[in-house]
Each structure stands twice: as C-alpha cells, then as structure tokens.
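Here is upload_37.cif, consisting of mmCIF, C-alpha atoms and all ligand atoms:
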data_data
#
loop_
_atom_site.label_atom_id
_atom_site.label_comp_id
_atom_site.auth_asym_id
_atom_site.auth_seq_id
_atom_site.Cartn_x
_atom_site.Cartn_y
_atom_site.Cartn_z
CA MET A 65 -14.90 -1.52 -64.74
CA SER A 66 -11.98 -0.71 -66.92
CA ARG A 67 -11.24 -0.65 -70.62
CA PHE A 68 -8.34 -2.97 -69.82
CA TRP A 69 -10.65 -5.80 -68.77
CA SER A 70 -11.17 -8.75 -71.07
CA PRO A 71 -14.83 -9.35 -72.07
CA LEU A 72 -15.01 -12.40 -69.80
CA VAL A 73 -14.22 -10.32 -66.70
CA HIS A 74 -17.19 -8.04 -67.41
CA SER A 75 -19.50 -11.05 -67.42
CA LEU A 76 -18.33 -12.61 -64.12
CA THR A 77 -20.27 -12.66 -60.84
CA PRO A 78 -17.57 -13.74 -58.37
CA TYR A 79 -18.28 -15.96 -55.39
CA VAL A 80 -18.48 -14.06 -52.10
CA ALA A 81 -16.62 -15.94 -49.37
CA GLY A 82 -17.77 -15.77 -45.74
CA GLU A 83 -16.13 -12.96 -43.79
CA GLN A 84 -12.81 -13.51 -42.01
CA PRO A 85 -12.85 -10.50 -39.66
CA ARG A 86 -10.11 -9.91 -37.09
CA ILE A 87 -12.24 -8.87 -34.14
CA HIS A 88 -10.93 -9.93 -30.75
CA GLY A 89 -13.26 -12.27 -28.87
CA LEU A 90 -15.47 -12.89 -31.89
CA ILE A 91 -17.27 -16.24 -32.04
CA LYS A 92 -16.85 -17.24 -35.64
CA LEU A 93 -19.53 -19.68 -36.77
CA ASN A 94 -19.86 -18.47 -40.36
CA THR A 95 -17.56 -20.50 -42.62
CA ASN A 96 -17.82 -24.08 -41.41
CA GLU A 97 -14.26 -24.31 -40.18
CA ASN A 98 -13.31 -26.86 -37.55
CA PRO A 99 -13.40 -25.24 -34.08
CA TYR A 100 -10.43 -27.33 -32.92
CA GLY A 101 -6.88 -26.70 -34.11
CA PRO A 102 -5.22 -29.28 -36.39
CA SER A 103 -3.67 -32.39 -34.85
CA PRO A 104 -0.31 -31.89 -33.08
CA ARG A 105 1.25 -34.43 -35.47
CA THR A 106 0.11 -32.31 -38.40
CA LEU A 107 1.59 -29.14 -36.94
CA ALA A 108 4.86 -30.93 -36.18
CA ALA A 109 5.06 -32.20 -39.77
CA ILE A 110 4.48 -28.70 -41.17
CA LYS A 111 7.15 -27.23 -38.88
CA ALA A 112 9.61 -29.97 -39.82
CA ALA A 113 9.00 -29.26 -43.52
CA ALA A 114 9.86 -25.58 -43.04
CA ASP A 115 13.54 -26.03 -43.79
CA ASP A 116 16.16 -25.48 -46.45
CA THR A 117 14.26 -27.63 -48.96
CA LEU A 118 11.75 -24.78 -49.39
CA ARG A 119 14.13 -23.41 -52.02
CA LEU A 120 13.13 -26.38 -54.17
CA TYR A 121 9.80 -26.80 -55.96
CA PRO A 122 7.49 -29.35 -54.40
CA ASP A 123 6.56 -32.65 -56.03
CA PRO A 124 4.26 -31.54 -58.88
CA THR A 125 2.30 -34.80 -58.63
CA GLY A 126 1.77 -34.72 -54.83
CA LEU A 127 2.58 -38.42 -54.88
CA ALA A 128 3.07 -38.96 -51.14
CA LEU A 129 -0.36 -37.54 -50.37
CA ARG A 130 -2.07 -39.35 -53.24
CA GLN A 131 -0.47 -42.57 -51.99
CA VAL A 132 -1.83 -42.33 -48.42
CA ILE A 133 -5.28 -41.37 -49.70
CA ALA A 134 -5.25 -44.22 -52.23
CA ASP A 135 -4.06 -46.73 -49.61
CA SER A 136 -6.82 -45.79 -47.18
CA HIS A 137 -9.49 -46.46 -49.82
CA GLY A 138 -7.93 -49.46 -51.59
CA LEU A 139 -7.41 -47.41 -54.75
CA SER A 140 -4.39 -46.88 -56.95
CA VAL A 141 -2.53 -43.55 -56.88
CA ASP A 142 -3.64 -42.98 -60.47
CA GLU A 143 -7.21 -42.75 -59.20
CA VAL A 144 -6.46 -39.82 -56.89
CA PHE A 145 -6.08 -36.15 -57.84
CA VAL A 146 -4.91 -33.52 -55.33
CA GLY A 147 -5.32 -29.75 -55.46
CA ASN A 148 -5.10 -26.44 -53.64
CA GLY A 149 -8.31 -26.81 -51.64
CA SER A 150 -11.34 -28.61 -53.01
CA ASP A 151 -12.42 -25.33 -54.60
CA GLU A 152 -9.50 -25.66 -57.00
CA VAL A 153 -10.22 -29.37 -57.50
CA LEU A 154 -13.84 -28.46 -58.30
CA ALA A 155 -12.75 -25.68 -60.67
CA HIS A 156 -10.62 -28.13 -62.66
CA CYS A 157 -13.44 -30.62 -62.64
CA PHE A 158 -15.91 -28.06 -64.06
CA GLN A 159 -13.51 -27.30 -66.88
CA ALA A 160 -12.33 -30.86 -67.49
CA LEU A 161 -15.53 -32.86 -67.09
CA LEU A 162 -18.71 -30.78 -66.74
CA ASN A 163 -18.77 -28.67 -69.90
CA HIS A 164 -21.00 -30.38 -72.48
CA ASP A 165 -23.69 -29.55 -75.03
CA GLN A 166 -26.48 -30.27 -72.55
CA PRO A 167 -26.76 -28.26 -69.30
CA LEU A 168 -25.05 -29.22 -66.07
CA LEU A 169 -27.58 -29.94 -63.30
CA PHE A 170 -27.30 -29.07 -59.62
CA PRO A 171 -29.76 -28.22 -56.80
CA ASP A 172 -31.27 -24.71 -56.66
CA ILE A 173 -30.06 -24.46 -53.07
CA SER A 174 -26.50 -25.64 -53.02
CA TYR A 175 -22.87 -24.54 -52.91
CA SER A 176 -22.86 -21.10 -54.47
CA PHE A 177 -19.49 -21.61 -56.14
CA TYR A 178 -21.10 -23.92 -58.74
CA PRO A 179 -22.86 -21.17 -60.76
CA THR A 180 -19.72 -19.05 -60.40
CA TYR A 181 -17.59 -21.74 -62.06
CA CYS A 182 -20.25 -22.15 -64.75
CA ARG A 183 -20.00 -18.46 -65.61
CA LEU A 184 -16.20 -18.55 -65.53
CA TYR A 185 -16.01 -21.52 -67.91
CA GLY A 186 -19.08 -20.76 -70.04
CA ILE A 187 -20.99 -23.84 -68.88
CA ASP A 188 -24.74 -23.94 -69.44
CA PHE A 189 -26.51 -25.05 -66.24
CA ARG A 190 -29.98 -25.75 -64.90
CA THR A 191 -30.89 -25.83 -61.22
CA ILE A 192 -33.25 -28.49 -59.88
CA PRO A 193 -35.43 -27.34 -56.96
CA LEU A 194 -35.08 -29.11 -53.64
CA ASP A 195 -38.42 -30.48 -52.48
CA ALA A 196 -40.56 -28.76 -49.83
CA ALA A 197 -38.56 -30.47 -47.06
CA MET A 198 -35.33 -29.05 -48.63
CA ARG A 199 -34.26 -32.50 -49.79
CA VAL A 200 -32.68 -33.56 -53.09
CA GLN A 201 -35.01 -35.89 -55.00
CA VAL A 202 -32.82 -37.87 -57.40
CA ALA A 203 -35.82 -38.68 -59.63
CA ASP A 204 -35.96 -34.96 -60.50
CA TYR A 205 -32.58 -35.31 -62.23
CA LYS A 206 -33.85 -37.80 -64.82
CA GLY A 207 -33.78 -36.71 -68.44
CA PRO A 208 -31.15 -35.26 -70.72
CA CYS A 209 -28.27 -33.35 -69.16
CA GLY A 210 -24.54 -32.86 -69.69
CA ALA A 211 -23.46 -33.81 -66.16
CA ILE A 212 -24.57 -33.55 -62.52
CA ILE A 213 -22.92 -32.13 -59.40
CA LEU A 214 -24.26 -32.47 -55.85
CA PRO A 215 -22.78 -31.85 -52.44
CA ASN A 216 -23.48 -34.72 -50.07
CA PRO A 217 -24.39 -33.66 -47.42
CA ASN A 218 -25.84 -30.71 -49.26
CA ALA A 219 -24.69 -27.23 -48.30
CA PRO A 220 -26.15 -25.10 -46.82
CA THR A 221 -28.97 -27.44 -45.76
CA GLY A 222 -26.74 -30.14 -44.20
CA ILE A 223 -29.15 -32.86 -45.38
CA ALA A 224 -27.50 -36.05 -46.67
CA LEU A 225 -28.60 -38.50 -49.35
CA PRO A 226 -28.16 -42.22 -48.64
CA LEU A 227 -25.66 -44.06 -50.82
CA SER A 228 -28.47 -46.02 -52.49
CA GLU A 229 -29.80 -42.77 -53.99
CA ILE A 230 -26.37 -41.71 -55.23
CA GLU A 231 -26.21 -45.11 -56.88
CA THR A 232 -29.60 -44.52 -58.52
CA LEU A 233 -28.28 -41.26 -59.92
CA LEU A 234 -25.20 -43.03 -61.30
CA ARG A 235 -27.30 -45.77 -62.88
CA ASP A 236 -29.78 -43.27 -64.36
CA HIS A 237 -26.91 -41.39 -66.02
CA PRO A 238 -24.35 -43.92 -67.27
CA ASP A 239 -23.16 -41.52 -69.99
CA GLN A 240 -22.81 -38.44 -67.79
CA VAL A 241 -20.26 -37.57 -65.14
CA VAL A 242 -21.78 -37.37 -61.66
CA VAL A 243 -19.67 -35.40 -59.18
CA ILE A 244 -20.35 -35.86 -55.48
CA ASP A 245 -18.82 -33.05 -53.42
CA GLU A 246 -18.15 -34.61 -50.01
CA ALA A 247 -16.76 -31.58 -48.19
CA TYR A 248 -18.81 -32.48 -45.08
CA VAL A 249 -19.23 -36.24 -45.44
CA ASP A 250 -17.14 -37.15 -42.38
CA PHE A 251 -19.71 -35.59 -40.04
CA GLY A 252 -22.33 -38.22 -40.65
CA ALA A 253 -23.00 -39.11 -44.30
CA GLU A 254 -21.99 -42.18 -46.31
CA SER A 255 -19.09 -41.61 -48.70
CA ALA A 256 -19.52 -42.62 -52.33
CA ILE A 257 -15.81 -43.50 -52.63
CA PRO A 258 -16.53 -47.29 -52.42
CA LEU A 259 -18.62 -46.90 -55.62
CA VAL A 260 -15.68 -45.53 -57.64
CA LYS A 261 -14.53 -49.03 -58.71
CA THR A 262 -17.99 -49.83 -60.13
CA TYR A 263 -18.99 -46.56 -61.77
CA PRO A 264 -16.73 -45.01 -64.42
CA ASN A 265 -18.93 -41.88 -64.38
CA LEU A 266 -18.36 -41.08 -60.67
CA LEU A 267 -15.98 -38.46 -59.34
CA VAL A 268 -15.90 -37.85 -55.57
CA VAL A 269 -14.42 -34.60 -54.30
CA HIS A 270 -13.19 -34.21 -50.74
CA THR A 271 -11.42 -31.61 -48.60
CA LEU A 272 -9.07 -31.53 -45.63
CA SER A 273 -10.49 -28.12 -44.65
CA LYS A 274 -13.31 -29.38 -42.45
CA SER A 275 -12.89 -32.72 -40.68
CA ARG A 276 -9.06 -32.45 -40.71
CA SER A 277 -9.13 -28.80 -39.56
CA LEU A 278 -6.85 -27.56 -42.35
CA ALA A 279 -8.86 -24.82 -44.07
CA GLY A 280 -5.81 -22.57 -43.86
CA LEU A 281 -3.52 -25.07 -45.59
CA ARG A 282 -5.69 -25.45 -48.74
CA VAL A 283 -5.80 -29.15 -49.57
CA GLY A 284 -8.51 -31.02 -51.42
CA PHE A 285 -8.67 -34.11 -53.59
CA ALA A 286 -10.82 -36.07 -56.01
CA VAL A 287 -11.08 -39.79 -56.62
CA GLY A 288 -12.40 -41.48 -59.71
CA GLN A 289 -11.44 -43.94 -62.40
CA ARG A 290 -8.34 -43.18 -64.42
CA PRO A 291 -9.92 -41.40 -67.44
CA LEU A 292 -11.61 -38.83 -65.18
CA ILE A 293 -8.43 -38.23 -63.18
CA GLU A 294 -6.40 -37.93 -66.36
CA ALA A 295 -8.75 -35.18 -67.58
CA MET A 296 -8.22 -33.31 -64.30
CA GLU A 297 -4.45 -33.68 -64.60
CA ARG A 298 -4.50 -32.31 -68.15
CA VAL A 299 -6.29 -29.17 -66.94
CA LYS A 300 -4.08 -28.83 -63.84
CA ASP A 301 -0.89 -29.11 -65.87
CA SER A 302 -2.20 -26.42 -68.20
CA PHE A 303 -2.80 -24.12 -65.22
CA ASN A 304 -0.37 -24.64 -62.31
CA SER A 305 2.03 -27.58 -62.05
CA TYR A 306 2.63 -27.09 -58.30
CA PRO A 307 -0.75 -26.52 -56.65
CA LEU A 308 0.36 -28.01 -53.31
CA ASP A 309 3.44 -26.55 -51.68
CA ARG A 310 5.89 -28.48 -49.51
CA LEU A 311 4.26 -27.44 -46.23
CA ALA A 312 0.79 -28.37 -47.46
CA LEU A 313 1.95 -31.78 -48.67
CA ALA A 314 3.74 -32.55 -45.39
CA GLY A 315 0.80 -31.37 -43.27
CA ALA A 316 -1.81 -33.14 -45.34
CA VAL A 317 -0.01 -36.50 -45.22
CA ALA A 318 0.30 -36.22 -41.43
CA ALA A 319 -3.34 -35.16 -41.03
CA TRP A 320 -4.60 -37.94 -43.27
CA THR A 321 -2.76 -40.60 -41.29
CA ASP A 322 -3.59 -39.24 -37.81
CA GLN A 323 -6.68 -41.41 -37.48
CA ASP A 324 -7.04 -40.99 -33.71
CA TRP A 325 -7.21 -37.20 -33.86
CA PHE A 326 -9.64 -37.37 -36.77
CA GLU A 327 -11.99 -39.83 -35.09
CA THR A 328 -11.99 -38.08 -31.69
CA HIS A 329 -12.66 -34.62 -33.09
CA ARG A 330 -15.25 -35.57 -35.62
CA GLN A 331 -17.19 -37.42 -32.92
CA ARG A 332 -16.90 -34.39 -30.65
CA ILE A 333 -18.33 -32.11 -33.36
CA ILE A 334 -21.15 -34.56 -34.09
CA ALA A 335 -22.05 -34.66 -30.37
CA SER A 336 -22.02 -30.83 -30.20
CA ARG A 337 -24.19 -30.64 -33.31
CA GLU A 338 -26.80 -32.91 -31.76
CA ALA A 339 -26.78 -30.93 -28.49
CA LEU A 340 -27.03 -27.63 -30.38
CA THR A 341 -29.94 -28.95 -32.44
CA VAL A 342 -31.87 -29.76 -29.27
CA ALA A 343 -31.02 -26.38 -27.73
CA LEU A 344 -32.16 -24.47 -30.83
CA GLN A 345 -35.35 -26.48 -31.01
CA GLY A 346 -35.91 -25.52 -27.39
CA LEU A 347 -35.80 -21.87 -28.48
CA GLY A 348 -38.48 -22.58 -31.10
CA PHE A 349 -36.21 -23.00 -34.14
CA GLU A 350 -36.97 -25.41 -36.96
CA VAL A 351 -33.64 -27.19 -37.53
CA LEU A 352 -33.04 -29.24 -40.67
CA PRO A 353 -31.57 -32.72 -39.95
CA SER A 354 -27.84 -32.14 -40.45
CA ALA A 355 -25.13 -34.65 -41.31
CA ALA A 356 -22.56 -31.85 -41.55
CA ASN A 357 -20.59 -29.60 -39.16
CA PHE A 358 -23.23 -26.89 -39.42
CA LEU A 359 -26.95 -26.43 -38.84
CA PHE A 360 -29.50 -24.71 -41.05
CA ALA A 361 -32.27 -23.32 -38.88
CA ARG A 362 -35.07 -20.77 -38.92
CA HIS A 363 -37.32 -19.23 -36.32
CA PRO A 364 -41.06 -18.99 -37.06
CA ASP A 365 -41.35 -15.45 -35.66
CA ARG A 366 -38.11 -13.72 -36.56
CA ALA A 367 -36.53 -12.85 -39.91
CA GLY A 368 -33.16 -14.45 -40.62
CA LYS A 369 -31.57 -11.12 -41.45
CA GLU A 370 -32.71 -9.63 -38.15
CA LEU A 371 -31.36 -12.56 -36.11
CA ALA A 372 -28.03 -12.49 -37.95
CA ALA A 373 -27.67 -8.77 -37.25
CA ALA A 374 -28.61 -9.20 -33.58
CA LEU A 375 -26.01 -11.96 -33.14
CA ARG A 376 -23.40 -9.81 -34.81
CA GLU A 377 -24.07 -7.10 -32.24
CA LYS A 378 -23.14 -9.72 -29.65
CA ALA A 379 -19.90 -10.59 -31.51
CA ILE A 380 -21.25 -13.87 -32.88
CA LEU A 381 -20.93 -14.37 -36.60
CA ILE A 382 -23.14 -16.85 -38.44
CA ARG A 383 -23.97 -17.03 -42.18
CA HIS A 384 -27.18 -15.69 -43.64
CA PHE A 385 -28.08 -15.86 -47.34
CA GLN A 386 -30.60 -13.28 -48.58
CA LYS A 387 -31.93 -15.63 -51.27
CA ASP A 388 -35.28 -17.07 -52.34
CA ARG A 389 -36.56 -19.86 -50.08
CA ILE A 390 -33.73 -19.58 -47.55
CA GLY A 391 -33.83 -15.91 -46.50
CA ASP A 392 -35.12 -16.82 -43.02
CA PHE A 393 -32.54 -19.52 -42.36
CA LEU A 394 -29.33 -19.12 -40.42
CA ARG A 395 -26.39 -21.35 -41.25
CA ILE A 396 -24.55 -21.97 -38.04
CA THR A 397 -21.19 -23.73 -37.89
CA VAL A 398 -20.91 -26.10 -34.96
CA GLY A 399 -18.34 -24.53 -32.63
CA THR A 400 -16.74 -25.75 -29.43
CA GLU A 401 -19.08 -26.65 -26.57
CA ALA A 402 -18.40 -23.22 -25.02
CA GLU A 403 -19.10 -21.38 -28.30
CA CYS A 404 -22.35 -23.26 -28.80
CA ALA A 405 -23.41 -22.37 -25.24
CA ARG A 406 -22.65 -18.67 -25.90
CA LEU A 407 -24.67 -18.80 -29.12
CA VAL A 408 -27.67 -20.38 -27.42
CA ALA A 409 -27.53 -17.85 -24.57
CA ALA A 410 -27.28 -14.95 -27.04
CA LEU A 411 -30.23 -16.24 -29.10
CA GLY A 412 -32.22 -16.66 -25.88
CA GLU A 413 -31.63 -13.00 -25.06
CA VAL A 414 -32.47 -11.83 -28.59
CA LEU A 415 -35.69 -13.84 -28.65
CA GLY A 416 -36.62 -12.62 -25.18
C1 LIG A 501 -19.91 -27.87 -50.45
C2 LIG A 501 -18.51 -27.33 -50.42
N1 LIG A 501 -17.63 -27.80 -51.30
C3 LIG A 501 -16.37 -27.35 -51.33
C4 LIG A 501 -15.93 -26.39 -50.45
C5 LIG A 501 -14.53 -25.88 -50.56
O1 LIG A 501 -13.69 -26.23 -49.54
P1 LIG A 501 -12.13 -26.05 -49.64
O2 LIG A 501 -11.80 -25.23 -50.86
O3 LIG A 501 -11.73 -25.37 -48.38
O4 LIG A 501 -11.54 -27.42 -49.75
C6 LIG A 501 -16.80 -25.87 -49.49
C7 LIG A 501 -16.34 -24.84 -48.55
O5 LIG A 501 -16.96 -24.39 -47.65
C8 LIG A 501 -18.13 -26.36 -49.49
O6 LIG A 501 -19.04 -25.86 -48.62
#
Written as structure tokens, how would this file's structure read?
Amino acid sequence: MSRFWSPLVHSLTPYVAGEQPRIHGLIKLNTNENPYGPSPRTLAAIKAAADDTLRLYPDPTGLALRQVIADSHGLSVDEVFVGNGSDEVLAHCFQALLNHDQPLLFPDISYSFYPTYCRLYGIDFRTIPLDAAMRVQVADYKGPCGAIILPNPNAPTGIALPLSEIETLLRDHPDQVVVIDEAYVDFGAESAIPLVKTYPNLLVVHTLSKSRSLAGLRVGFAVGQRPLIEAMERVKDSFNSYPLDRLALAGAVAAWTDQDWFETHRQRIIASREALTVALQGLGFEVLPSAANFLFARHPDRAGKELAAALREKAILIRHFQKDRIGDFLRITVGTEAECARLVAALGEVLG
C-alpha cells in the first residue's frame, strides 16, 4: 500500500501465476507447458531473426503471422488478431468486447484470469456453477447477460464441450459476444474456428504456448468476424502498437507452418495423457476425462494439499488450488513419458 497508488490499484486482486522455480532436477508439471522443446525449424527461424534488423521496430500489424493463420483456416487476414500471449489477447477482448450493462458470464471453476480482468476493467460478472460432474451445461447460460466467455476444453478440469453445444450457446445469444478460449483445444477438443464465418458474435482465442511449445515466446491470437477484430485492434493500438517483437513473429510463423512437428508432438502428449490417466486410476484416483495437456484428479482418501506437498518434497511440482469444490484435486500437466513415470512412482510411494 502506498499513498502514491491510484484508487484502481487498491481494488485489484492480481492473478497468481504458477511457480517457475529454478531447482535443478525438478519435474515441473504445474503450468501446462509442453514437455518437448519447440520445433527445430522454429528455433532456427528465431536465431535467423536475431540480426541487425533488431534495431528496427517490428511490423505493428504482425501481418506475416496473421496471414499464415488466416490461410490455414480459410479466413482473411482481417479476421485474425495477434497479441503477446493469449493472456494479452484476452485482456484486450475483455476491454473491447465484454464490458456491457449486463454481467459477463463464465463458469465458477474456470481460468482464474477472467475475474482478474473483470476487476481490472470494472466489468460486472456472474459465475455459473459447473454441474456435479464438473461439466459446463450450456442451458445454464440462458437468460440476460452482457457476454459469455468459456475455455474449451475448460481449465482446470480439462473437460471439453462438443461443437454442437458451442453452437447452441451462439444461437441462444445472438446479441452477445461469446468468446471461446481454446488454449488447449489441440489436445483433443473440436475447435470453434469453422463457426466464425456463420456467427458474427463468436470470437475464438488461441495460443502458441501449449501445442506449439512456445510459452516463453508469448504469442496468442483471436479469430472472429471483422467488427470484433476491429474492436480488438482499436484497444491494442491504444495500448501497445508492437505487442509481438521480431523474434516472436519469426518463431511463430515457423511454428505455425511446421505441421509435422505439431502433429507428432500433440499425438505424443495425448498418448501420454491416456497412459497417465490409467496409471492414476490404478492408484485409486478419480480422473476427470481430459481433452487437454493436463489431468484434474483427486484421491478419495488423501487431501489435495497434502498430496501436493508430498510431491513437492520429492521435487515434483503440480498445481493445487485451495478453492471451493476443487480443494482435493491436483492439476497435473502431462510431462514426458519419463516424467509421468516418475510422478506415478512418487504417488505410489506417498500413498503407500
Ligand atoms: C484457459 C487458458 N487461457 C489462456 C491462457 C494463457 O496462455 P498464454 O498467455 O500463454 O497464451 C492459459 C494459460 O495457461 C489458459 O490456461
């Protein structure tokens, strides 16, 4: 606290990111990063971009990246917005599109940055409880609201909604923006991007942090019809004209077009997720059906906090949220095959 703070700062409850400790030999399964390094083509492109041109500002519009994204989805570049990680894309979207007289709706158990953005931008919001099976029920979103935002698959549950239900949501709310946050979609859910042409109220947000293994580069994007993208651009150009630097643009274009690397590694993570699910079930865990690169699991006999602490003692970091309804769950990022094996062995020891 300080008398120099503006009133807004006093009212903020900042988002708490997962730890990034520098402990040698640590198995880090707490922030849903990709366990495999980025594609060699991506690294080569970043290295090649590290030259004399760094004295120049990057392209403020990120055109080359928007072009490859647009081409891969049969969209026009004007329907693609790029930003410094999808967190920044989401932040602009909250300010540009989600602030209305009626409250913004999102699930009670969801990405914890959403309420943070609401407080930052003064957006009234209402959370809609997941059902007893921790699933989003789109019928619960009926009724007046200003806008809706949902991750699909949801985080931290990992449970995905089928496209037909996203479409129901869009049809039920023709006059409200519906944002689908697809940070984890490549690990097994259906993307809503093909619906963009039909629904002027749909904005789909995506990241290169997870399935393209570029969390450290900070690249995210949104696709939607032109009026939604124009709103995002107006906010962006009132905030930071150059959100993506030259290295990020070069790396992101290479990563986006390296289809072989993407396909191989996402399949590998999906296979590890399925094997890890079976192994955890074998230890007595209830594991929610995940379409993401993480699992959300609880043990009937042991508190989540206790298990998280015991794993930490063994240099394995997972994420635990001390919150209503999910206090006994562990959110476990799917690691390499070797990391998953170490995790299962460690849990076996802890559980006796
Ligand atoms: C649901 C969801 N959306 C968005 C993000 C932000 O990702 P990034 O800012 O790395 O693109 C995350 C990060 O973990 C997430 O879990």
Within 7 Å of ligand LIG 501 (chain A) (all atoms listed in the file), residues as an MDAnalysis selection string: chainID A and resid 95:96 149:152 175 215 218:219 245:247 271:273 279 282:284
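Counting from CA of Phe360 (chain A), the distance to CA of Pro220 (chain A) is 6.7 Å.
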Given all atoms listed in the file as the counted atoms, nearest of A:Pro353, A:Pro99, A:Pro193, A:Pro217 to Ala253 (chain A):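 Between A:Pro353, A:Pro99, A:Pro193, A:Pro217, the residue approaching Ala253 (chain A) most closely is A:Pro217.
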Shell around Ala295 (chain A) at 6 Å using all atoms listed in the file, local window under 3 positions removed, as a VMD selection string: chain A and resid 160 292 298
Create the file for the chosen residues now, containing C-alpha atoms and written as a CSV table (one decimal), keeping the file's coordinate frame.
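Here's the written file selection_18.csv:
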chain,number,residue,atom,x,y,z
A,160,ALA,CA,-12.3,-30.9,-67.5
A,292,LEU,CA,-11.6,-38.8,-65.2
A,298,ARG,CA,-4.5,-32.3,-68.2
Atomic separation - CA of Gly416 (chain A) relative to CA of Thr400 (chain A), Å: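 For CA of Thr400 (chain A) relative to CA of Gly416 (chain A), the distance reads 24.2 Å.
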With only C-alpha atoms counted and 8 Å as the cut-off, give the residues of region 346-368 of chain A in contact with region 388-393 of chain A, each with its shortest interatomic distance in Å and the pair that gives it, as JSON lines.
{"residue": "A:Phe360", "atom": "CA", "partner": "A:Phe393", "partner_atom": "CA", "distance": 6.2}
{"residue": "A:Ala361", "atom": "CA", "partner": "A:Phe393", "partner_atom": "CA", "distance": 5.2}
{"residue": "A:Arg362", "atom": "CA", "partner": "A:Phe393", "partner_atom": "CA", "distance": 4.4}
{"residue": "A:His363", "atom": "CA", "partner": "A:Asp392", "partner_atom": "CA", "distance": 7.5}
{"residue": "A:Arg366", "atom": "CA", "partner": "A:Asp392", "partner_atom": "CA", "distance": 7.8}
{"residue": "A:Ala367", "atom": "CA", "partner": "A:Asp392", "partner_atom": "CA", "distance": 5.2}
{"residue": "A:Gly368", "atom": "CA", "partner": "A:Asp392", "partner_atom": "CA", "distance": 3.9}
Could you write out that same residue set with C-alpha atoms as a PDB file, keeping the file's coordinate frame?
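Output below, filename selection-v4.pdb:
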ATOM      1  CA  PHE A 360     -29.500 -24.710 -41.050  1.00  0.00           C
ATOM      2  CA  ALA A 361     -32.270 -23.320 -38.880  1.00  0.00           C
ATOM      3  CA  ARG A 362     -35.070 -20.770 -38.920  1.00  0.00           C
ATOM      4  CA  HIS A 363     -37.320 -19.230 -36.320  1.00  0.00           C
ATOM      5  CA  ARG A 366     -38.110 -13.720 -36.560  1.00  0.00           C
ATOM      6  CA  ALA A 367     -36.530 -12.850 -39.910  1.00  0.00           C
ATOM      7  CA  GLY A 368     -33.160 -14.450 -40.620  1.00  0.00           C
TER       8      GLY A 368
END
For Val342 (chain A), please output as a short mmCIF file (atom, residue, chain, number, x, y, z; two decimals) with C-alpha atoms, keeping the file's coordinate frame all residues within 12 Å (counting all atoms listed in the file; exclusion window: fewer than 4 positions along the same chain).
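Printed below is around.cif as written:
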data_model
loop_
_atom_site.label_atom_id
_atom_site.label_comp_id
_atom_site.auth_asym_id
_atom_site.auth_seq_id
_atom_site.Cartn_x
_atom_site.Cartn_y
_atom_site.Cartn_z
CA ALA A 335 -22.05 -34.66 -30.37
CA SER A 336 -22.02 -30.83 -30.20
CA ARG A 337 -24.19 -30.64 -33.31
CA GLU A 338 -26.80 -32.91 -31.76
CA GLY A 346 -35.91 -25.52 -27.39
CA LEU A 347 -35.80 -21.87 -28.48
CA GLY A 348 -38.48 -22.58 -31.10
CA PHE A 349 -36.21 -23.00 -34.14
CA GLU A 350 -36.97 -25.41 -36.96
CA VAL A 351 -33.64 -27.19 -37.53
CA LEU A 352 -33.04 -29.24 -40.67
CA PRO A 353 -31.57 -32.72 -39.95
CA LEU A 359 -26.95 -26.43 -38.84
CA ALA A 361 -32.27 -23.32 -38.88
CA CYS A 404 -22.35 -23.26 -28.80
CA ALA A 405 -23.41 -22.37 -25.24
CA VAL A 408 -27.67 -20.38 -27.42
#
Residues near Ser228 (chain A), cut-off 10 Å, all atoms listed in the file, skip fewer than 6 positions along chain, as a list in words: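 Near Ser228 (chain A), the qualifying residues are Leu234, Glu254 and Ala256 of chain A.
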Of the listed residues A:Arg330, A:Arg86, A:Arg183, A:His137, that which approaches Lys274 (chain A) most closely, counting only C-alpha atoms: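 Distance minimum relative to Lys274 (chain A) lands on A:Arg330.
Taking CA of Ser176 (chain A) as the reference point, CA of Leu381 (chain A) is found at 19.2 Å.
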12 Å contact set for Gly147 (chain A), only C-alpha atoms, chain neighbours under 5 positions out, as a ChimeraX atom specification: /A:124-127,129-130,152-157,269-272,281-287,293,296-297,299-301,303-309,312-313,316
From A:Ala355, A:Leu311, A:Ala114, A:Ala197, residue lying nearest Ser255 (chain A) [only C-alpha atoms]: A:Ala355
Neighbour list for Ser140 (chain A) as a list in words, cut-off 12 Å, only C-alpha atoms, skip fewer than 3 positions in-chain: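 Result of the neighbour search: Leu127, Arg130, Gln131, Val132, Ile133, Ala134, Asp135, Ser136, His137, Glu143, Val144, Phe145, Val260, Lys261, Val287, Gly288, Gln289, Arg290 and Ile293 of chain A.
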Option closest in space to Val268 (chain A), from A:Ser174, A:Val146, A:Pro208, A:Leu168 [counting all atoms listed in the file]: A:Val146
Let me have the centre and edge lengths in Å, one decimal, of the box along x, y and z around every listed atom of region 229-247 of chain A with 6 Å of margin on each side, as lines of an AutoDock Vina configuration file.
center_x = -23.3
center_y = -38.7
center_z = -59.1
size_x = 25.0
size_y = 26.2
size_z = 33.8
Residue among A:Val73, A:Ala343, A:Thr191, A:Ala81 lying closest to Pro179 (chain A), counting all atoms listed in the file: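 Smallest distance to Pro179 (chain A) is found for A:Thr191.
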Would you save region 206-213 of chain A from the block above with N, CA, C and O atoms, as a CSV table (one decimal), in the first residue's frame?
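Everything below was put into out-v3.csv:
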chain,number,residue,atom,x,y,z
A,206,LYS,N,-28.6,-19.6,-20.3
A,206,LYS,CA,-29.7,-18.9,-20.9
A,206,LYS,C,-30.1,-17.7,-20.0
A,206,LYS,O,-29.8,-17.7,-18.8
A,207,GLY,N,-30.8,-16.7,-20.6
A,207,GLY,CA,-31.2,-15.5,-19.9
A,207,GLY,C,-30.3,-14.4,-20.1
A,207,GLY,O,-29.3,-14.5,-20.9
A,208,PRO,N,-30.7,-13.2,-19.6
A,208,PRO,CA,-30.0,-12.0,-19.9
A,208,PRO,C,-28.5,-12.0,-19.4
A,208,PRO,O,-28.2,-12.4,-18.3
A,209,CYS,N,-27.6,-11.5,-20.3
A,209,CYS,CA,-26.2,-11.3,-19.9
A,209,CYS,C,-25.6,-10.4,-20.9
A,209,CYS,O,-26.1,-10.1,-21.9
A,210,GLY,N,-24.4,-9.9,-20.5
A,210,GLY,CA,-23.7,-8.9,-21.4
A,210,GLY,C,-22.9,-9.7,-22.4
A,210,GLY,O,-22.7,-9.2,-23.6
A,211,ALA,N,-22.3,-10.8,-22.0
A,211,ALA,CA,-21.4,-11.6,-22.9
A,211,ALA,C,-21.1,-12.9,-22.1
A,211,ALA,O,-21.4,-13.0,-21.0
A,212,ILE,N,-20.4,-13.8,-22.8
A,212,ILE,CA,-20.0,-15.1,-22.2
A,212,ILE,C,-18.6,-15.4,-22.6
A,212,ILE,O,-18.2,-15.2,-23.8
A,213,ILE,N,-17.8,-16.0,-21.7
A,213,ILE,CA,-16.5,-16.5,-22.0
A,213,ILE,C,-16.4,-17.9,-21.4
A,213,ILE,O,-16.7,-18.1,-20.2
